[in-house]
Amino acid sequence: MIRRIAQPLRSVLALAATSACILTLAPAATAGVAAPTARQVPAPNGLYGFSDVTDPDMMMFKVRNRKLIDPRFSIVIYCSASDGGTQELIYGPTSSDPSRRVNIPRNGSGRMNWVQTFDESLVPDADIQVNYTFRRNRSTLASVSVDAIFTDEGVDQSCSGQRAFRLSRGPLR
């Protein structure tokens with residue numbers, strides 16, 4: 001009777017020992033194998049921009065060491081006032097701000113947000129959002145969105161505008 005119990009017990013112990021070896025060695029065998037990751041989208045150093053003499057809108061920024069630096073733009077925005085008036089303005093920060101920079105992620109797409117406290121167009125506290133996409137073997141894309149709500153001489157005003165750009169790359173200056 002003892003022999004009959006010992007046979008199944010031996011096979012269970014052998015199975016447990018084999019499982020323990022597999023579980024112990026499996027992580028070591030796969031440690032050198034990295035999980036597949038997407039290739040990094042290139043973002044070459046340079047000056048990226050769009051400008052056309054027939055178009056009042058423009059966009060530019062620098063890229064250095066996968067950092068997008070100092071975006072500048074000028075776009076048409078539309079403002080409406082609480083008294084019924086409307087106007088069209090050309091809006092864009094006139095001064096550069098090299099401290100305005102962001103790392104470009106591996107997939108090449110990201111955004112940068114800030115509040116522009118003052119601009120020559122006299123639109124205060126505008127919320128700015130710049131989206132960008134670097135693409136493999138194709139043009140770089142960018143878009144700008146501007147939104148502002150403020151009071152000027154007792155009249156509430158709301159301004160907004162957005163524009164998408166296909167950018168060209170030139171040498172870094």
# chains A, B, ... in the order shown; residues from 1 in each chain; ligands from 1

$ closest_atom_pairs --of "segment 82-145 of chain A" --to "segment 155-171 of chain A" --cutoff "10 Å" --atoms "only C-alpha atoms" --output "tab-separated table"
residue	atom	partner	partner_atom	distance
A:Ser82	CA	A:Asp156	CA	5.3
A:Asp83	CA	A:Val155	CA	6.8
A:Gly84	CA	A:Gln157	CA	9.7
A:Gly85	CA	A:Gln157	CA	9.2
A:Thr86	CA	A:Gln157	CA	9.1
A:Gln87	CA	A:Cys159	CA	9.1
A:Glu88	CA	A:Cys159	CA	9.1
A:Leu89	CA	A:Cys159	CA	9.1
A:Ile90	CA	A:Gly161	CA	9.7
A:Tyr91	CA	A:Gly161	CA	8.9
A:Val123	CA	A:Cys159	CA	8.1
A:Ala126	CA	A:Cys159	CA	8.5
A:Asp127	CA	A:Ser160	CA	9.4
A:Ile128	CA	A:Gln162	CA	9.7
A:Gln129	CA	A:Gln162	CA	9.3
A:Val130	CA	A:Ala164	CA	9.7
A:Asn131	CA	A:Ala164	CA	9.1
A:Tyr132	CA	A:Phe165	CA	9.4
A:Thr133	CA	A:Arg166	CA	9.8
A:Phe134	CA	A:Leu167	CA	9.8
A:Arg138	CA	A:Arg166	CA	9.9
A:Ser139	CA	A:Leu167	CA	6.3
A:Thr140	CA	A:Leu167	CA	5.3
A:Leu141	CA	A:Arg166	CA	4.8
A:Ala142	CA	A:Phe165	CA	5.2
A:Ser143	CA	A:Ala164	CA	4.1
A:Val144	CA	A:Gln162	CA	5.4
A:Ser145	CA	A:Gln162	CA	4.3

$ atom_distance --atom1 "atom CA of Leu68 of chain A" --atom2 "atom CA of Arg135 of chain A"
14.6 Å

$ residues_around --residues "Ser74 of chain A" --least-positions-apart "4" --cutoff "6 Å" --atoms "only C-alpha atoms" --output "MDAnalysis selection string"
chainID A and resid 57:58 91:92

$ write_last_selection --atoms "N, CA and C atoms" --output "compact mmCIF listing (two decimals), in the first residue's frame"
# COMPACT_ATOMS: atom_id res chain seq x y z
N ASP A 57 -0.62 85.23 -42.15
CA ASP A 57 -0.27 84.33 -41.05
C ASP A 57 1.14 83.78 -41.22
N MET A 58 1.82 83.56 -40.10
CA MET A 58 3.16 82.96 -40.12
C MET A 58 3.37 82.18 -38.84
N TYR A 91 -2.89 88.79 -34.63
CA TYR A 91 -2.38 88.55 -33.28
C TYR A 91 -1.12 87.71 -33.33
N GLY A 92 -0.15 88.07 -32.53
CA GLY A 92 1.06 87.26 -32.41
C GLY A 92 2.03 87.93 -31.46

$ residues_around --residues "Met60 of chain A" --least-positions-apart "5" --cutoff "8 Å" --atoms "only C-alpha atoms" --output "PyMOL selection string"
chain A and resi 47-50+71-73+167

$ closest_residue --among "A:Pro42, A:Pro56, A:Gly110, A:Gly154" --to "Asn137 of chain A" --atoms "only C-alpha atoms"
A:Pro42

$ closest_residue --among "A:Met59, A:Cys79, A:Ile69, A:Val53" --to "Asn103 of chain A" --atoms "only C-alpha atoms"
A:Ile69
